[in-house]
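Reviewing the structure listed below.
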Amino acid sequence: AAPRYLVTMPVPEPGPSLLAASGAVTVLPQPPDHDTLRRLCASGDFDVVLTQLRDVVDADLLAAARVRGVSNFAVGYNNIDVAAATDRGILVGNTPGVLTDATADVAMALVLATARRVVEGDRMVREGRFAGWEPELLLGRDVSGAVLGLAGFGRIARATARRALGFGMEVLFAPRPPGDRPVGDEELGEFAGRVRQVPWEELVARSDFLSLHVPLAASTRHLVDAQVLARMKPEAILINTARGPVVDEAALVEALRAGRIAGAGLDVYEDEPRLAPGLAELANTVLLPHVGSATVSVRREMSRLSALNAVAIAEGRMPPHPVNPEVKW
Ligand code: GLV
Ligand code: GLV
């Protein structure tokens with residue numbers, strides 16, 4: 001029988017066409033709630049489900065699921081209980097690589113926007129409060145010469161390092177906080193001699209901009225908590241383009257209010273789309289709506305990869321980007 005695909009919300013082309021060329025496609029008009037998704041996955045009506053970050057594919061859902069695979073329209077897959085999927089012989093796919101540069105662009109945009117108060121300035125102009133050039137209007141911070149600390153040194157961190165070096169920043173990284181597994185010199189490649197590896201504690205203490213590039217896992221949940229915020233420099237700015245729960249957002253609001261750190265540039269939130277109380281009222285923050293990968297071409301590529309993963313799984317082949325290739329099937 002032809003494969004049957006469930007897509008949990010509309011996605012751009014070419015994914016839908018690729019799926020339609022392989023089998024039958026059902027696209028939900030909007031993301032389903034958890035019960036609905038569980039019911040659909042348990043119905044036996046679909047071979048592969050193409051999910052979004054908002055779809056919580058937990059052990060409970062997977063225990064009832066009668067699908068061969070879950071293809072996530074994202075590089076991150078913290079929304080999926082991969083261990084439970086593996087136990088049940090369900091393959092999981094993701095979309096690495098294609099969104100690396102786009103996400104690093106947003107990390108750099110947040111560095112520049114927070115340092116130079118881009119959003120405050122825009123608001124001032126629009127609200128008619130710009131009264132002419134002034135020597136001390138909206139003074140910000142230097143980016144060149146500042147220390148950028150990268151928490152993590154995966155693809156997106158490296159792409160951010162490349163940009164930061166171009167802006168004359170001093171780049172430090174902690175490879176895999178909190179338990180750093182050092183990156184060997186031979187793995188540094190183009191960065192050898194240009195960036196420095198330091199322990200997480202030192203990264204926290206030395207960064208003018210601390211940018212997070214770790215996946216969300218039990219070990220990285222609240223990696224940046226009240227204690228870490230207290231050890232940052234008072235003039236430091238926190239940048240998060242990774243996952244919201246990596247930061248204790250209530251503690252961040254508290255630290256920003258108290259002036260324990262100088263600012264934050266965020267693309268992700270602990271409980272999206274909700275914000276911690278008080279966050280939106282702070283002037284020293286730049287807040288984006290999880291748009292790290294949001295370019296026309298990147299979303300097309302994510303659509304293509306997630307469809308290729310889904311089709312491969314449905315047709316009984318190993319997908320091009322499996323998260324759990326060890327699955328037995
Ligand atoms: C977006 O956040 C992704 O993981 O692709
Ligand atoms: C994600 O693509 C990463 O490795 O940073």
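We name chains A, B, ... following the order of the structure tokens; residues begin at 1 in each chain, and ligands are numbered from 1 as shown.
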
Surroundings of ligand 1 up to 10 Å, based on only C-alpha atoms and all ligand atoms, as a VMD selection string: chain A and resid 52 to 53 72 to 79 94 to 100 103 215 to 216 241 to 244 267 to 268 290 to 294 298 to 299 302

Mind listing the alpha helix (DSSP H) residues of segment 176-311 of chain A, per DSSP on the backbone, as a PDB file with C-alpha atoms, in the first residue's frame?
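Result went into result00.pdb, see below:
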```
ATOM      1  CA  ASP A 185      43.184  20.767  18.704  1.00  0.00           C
ATOM      2  CA  GLU A 186      42.795  18.717  15.531  1.00  0.00           C
ATOM      3  CA  GLU A 187      39.008  19.229  15.690  1.00  0.00           C
ATOM      4  CA  LEU A 188      39.387  23.028  15.791  1.00  0.00           C
ATOM      5  CA  TRP A 200      32.360  26.644  31.561  1.00  0.00           C
ATOM      6  CA  GLU A 201      32.983  28.483  34.868  1.00  0.00           C
ATOM      7  CA  GLU A 202      35.591  30.670  33.221  1.00  0.00           C
ATOM      8  CA  LEU A 203      33.401  31.267  30.179  1.00  0.00           C
ATOM      9  CA  VAL A 204      30.622  32.550  32.442  1.00  0.00           C
ATOM     10  CA  ALA A 205      32.958  34.868  34.324  1.00  0.00           C
ATOM     11  CA  ARG A 206      34.770  36.298  31.291  1.00  0.00           C
ATOM     12  CA  ALA A 226      20.517  32.302  39.287  1.00  0.00           C
ATOM     13  CA  GLN A 227      23.979  31.115  40.353  1.00  0.00           C
ATOM     14  CA  VAL A 228      25.406  31.385  36.845  1.00  0.00           C
ATOM     15  CA  LEU A 229      23.769  34.789  36.309  1.00  0.00           C
ATOM     16  CA  ALA A 230      25.353  35.957  39.569  1.00  0.00           C
ATOM     17  CA  ARG A 231      28.797  34.974  38.298  1.00  0.00           C
ATOM     18  CA  GLU A 249      13.798  32.686  32.675  1.00  0.00           C
ATOM     19  CA  ALA A 250      12.364  33.899  35.994  1.00  0.00           C
ATOM     20  CA  ALA A 251      15.922  34.134  37.367  1.00  0.00           C
ATOM     21  CA  LEU A 252      16.944  36.013  34.224  1.00  0.00           C
ATOM     22  CA  VAL A 253      14.179  38.590  34.709  1.00  0.00           C
ATOM     23  CA  GLU A 254      15.292  38.988  38.308  1.00  0.00           C
ATOM     24  CA  ALA A 255      18.963  39.449  37.294  1.00  0.00           C
ATOM     25  CA  LEU A 256      18.082  41.974  34.574  1.00  0.00           C
ATOM     26  CA  ARG A 257      15.861  43.942  36.941  1.00  0.00           C
ATOM     27  CA  VAL A 296      12.576  31.571   2.757  1.00  0.00           C
ATOM     28  CA  SER A 297      15.346  29.304   1.513  1.00  0.00           C
ATOM     29  CA  VAL A 298      16.127  27.688   4.859  1.00  0.00           C
ATOM     30  CA  ARG A 299      12.507  26.788   5.506  1.00  0.00           C
ATOM     31  CA  ARG A 300      12.340  25.274   2.002  1.00  0.00           C
ATOM     32  CA  GLU A 301      15.404  23.171   2.784  1.00  0.00           C
ATOM     33  CA  MET A 302      13.966  22.104   6.137  1.00  0.00           C
ATOM     34  CA  SER A 303      10.789  21.134   4.312  1.00  0.00           C
ATOM     35  CA  ARG A 304      12.762  19.134   1.764  1.00  0.00           C
ATOM     36  CA  LEU A 305      14.889  17.317   4.360  1.00  0.00           C
ATOM     37  CA  SER A 306      11.995  16.504   6.645  1.00  0.00           C
ATOM     38  CA  ALA A 307      10.040  15.108   3.664  1.00  0.00           C
ATOM     39  CA  LEU A 308      13.035  13.066   2.455  1.00  0.00           C
ATOM     40  CA  ASN A 309      13.401  11.629   5.959  1.00  0.00           C
ATOM     41  CA  ALA A 310       9.691  10.809   6.091  1.00  0.00           C
ATOM     42  CA  VAL A 311       9.612   9.173   2.644  1.00  0.00           C
TER      43      VAL A 311
END
```

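Of the listed residues (A:Leu223, A:Ala161, A:Leu28, A:Val286), A:Ala161 comes nearest to ligand 2; the distances count only C-alpha atoms and all ligand atoms.
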
Close residues, Arg38 of chain A itself excluded, 12 Å, only C-alpha atoms, min 6 positions apart in chain, as a VMD selection string: chain A and resid 8 32 44 46 49 55 to 67

Write out, as a CSV table (one decimal), in the first residue's frame, the residues just selected, with N, CA and C atoms.
```csv
chain,number,residue,atom,x,y,z
A,8,THR,N,1.6,17.8,10.8
A,8,THR,CA,0.8,18.4,11.9
A,8,THR,C,0.5,19.9,11.7
A,32,PRO,N,-2.1,20.2,16.3
A,32,PRO,CA,-3.1,19.5,17.2
A,32,PRO,C,-2.7,19.6,18.6
A,44,GLY,N,-3.4,4.1,13.4
A,44,GLY,CA,-3.1,3.1,12.4
A,44,GLY,C,-3.3,3.7,11.0
A,46,PHE,N,-1.6,6.3,9.7
A,46,PHE,CA,-0.4,7.0,9.2
A,46,PHE,C,0.8,6.2,9.4
A,49,VAL,N,4.7,10.5,10.8
A,49,VAL,CA,4.2,11.8,11.1
A,49,VAL,C,5.3,12.8,11.1
A,55,ASP,N,4.9,20.1,18.8
A,55,ASP,CA,4.3,18.8,19.0
A,55,ASP,C,5.1,18.0,20.0
A,56,VAL,N,4.4,17.7,21.2
A,56,VAL,CA,5.1,17.0,22.2
A,56,VAL,C,4.9,15.5,22.0
A,57,VAL,N,6.0,14.9,21.5
A,57,VAL,CA,6.0,13.4,21.2
A,57,VAL,C,6.6,12.7,22.4
A,58,ASP,N,5.8,12.5,23.4
A,58,ASP,CA,6.4,11.9,24.6
A,58,ASP,C,6.2,10.4,24.7
A,59,ALA,N,6.7,9.8,25.8
A,59,ALA,CA,6.7,8.3,25.9
A,59,ALA,C,5.2,7.8,25.9
A,60,ASP,N,4.3,8.6,26.5
A,60,ASP,CA,2.9,8.2,26.5
A,60,ASP,C,2.3,8.1,25.1
A,61,LEU,N,2.6,9.1,24.3
A,61,LEU,CA,2.1,9.1,22.9
A,61,LEU,C,2.8,8.0,22.1
A,62,LEU,N,4.1,7.8,22.3
A,62,LEU,CA,4.8,6.8,21.6
A,62,LEU,C,4.3,5.4,21.9
A,63,ALA,N,4.0,5.2,23.2
A,63,ALA,CA,3.5,3.9,23.6
A,63,ALA,C,2.3,3.4,22.9
A,64,ALA,N,1.4,4.4,22.5
A,64,ALA,CA,0.2,4.0,21.8
A,64,ALA,C,0.4,4.2,20.3
A,65,ALA,N,1.5,4.7,19.8
A,65,ALA,CA,1.6,5.1,18.4
A,65,ALA,C,1.7,3.8,17.5
A,66,ARG,N,1.1,3.9,16.3
A,66,ARG,CA,1.3,2.9,15.3
A,66,ARG,C,1.9,3.5,14.1
A,67,VAL,N,3.0,4.2,14.3
A,67,VAL,CA,3.7,4.8,13.1
A,67,VAL,C,5.1,4.2,13.1
```

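Of the listed residues A:Val323, A:Met169, A:Ala314, A:Ile156, the one whose atoms come nearest to ligand 2 is A:Ile156, with distances taken using only C-alpha atoms and all ligand atoms.
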
Those in segment 37-70 of chain A with strand (DSSP E or B) from DSSP, as an MDAnalysis selection string: chainID A and resid 48:51 57 69:70

Suppose we keep C-alpha atoms; can you now write the selection as a compact mmCIF listing (two decimals), in the first residue's frame?
```txt
# COMPACT_ATOMS: atom_id res chain seq x y z
CA VAL A 48 5.04 8.59 9.32
CA VAL A 49 4.18 11.81 11.13
CA LEU A 50 5.94 15.05 10.24
CA THR A 51 6.13 17.06 13.46
CA VAL A 57 5.96 13.43 21.21
CA GLY A 69 8.68 7.17 12.06
CA VAL A 70 8.59 10.74 13.33
```

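If you measure from each of A:Leu110, A:Leu139, A:Ala115, A:Val171 to Leu266 of chain A using only C-alpha atoms, the closest one turns out to be A:Leu110.
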
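Distance annotation: of A:Val147, A:Ala159, A:Met108, A:Leu6, the residue with the minimal separation from ligand 2 is A:Ala159; atom set is only C-alpha atoms and all ligand atoms.
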
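Nearest-residue note for ligand 2: choosing from A:Asp101, A:Glu136, A:Glu170, A:Asp47, the minimum distance belongs to A:Asp101, counting only C-alpha atoms and all ligand atoms.
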
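Checking A:Ala146, A:Ala21, A:Ala283, A:Gly89 one by one against Gly121 of chain A, counting only C-alpha atoms, you find the shortest gap at A:Ala283.
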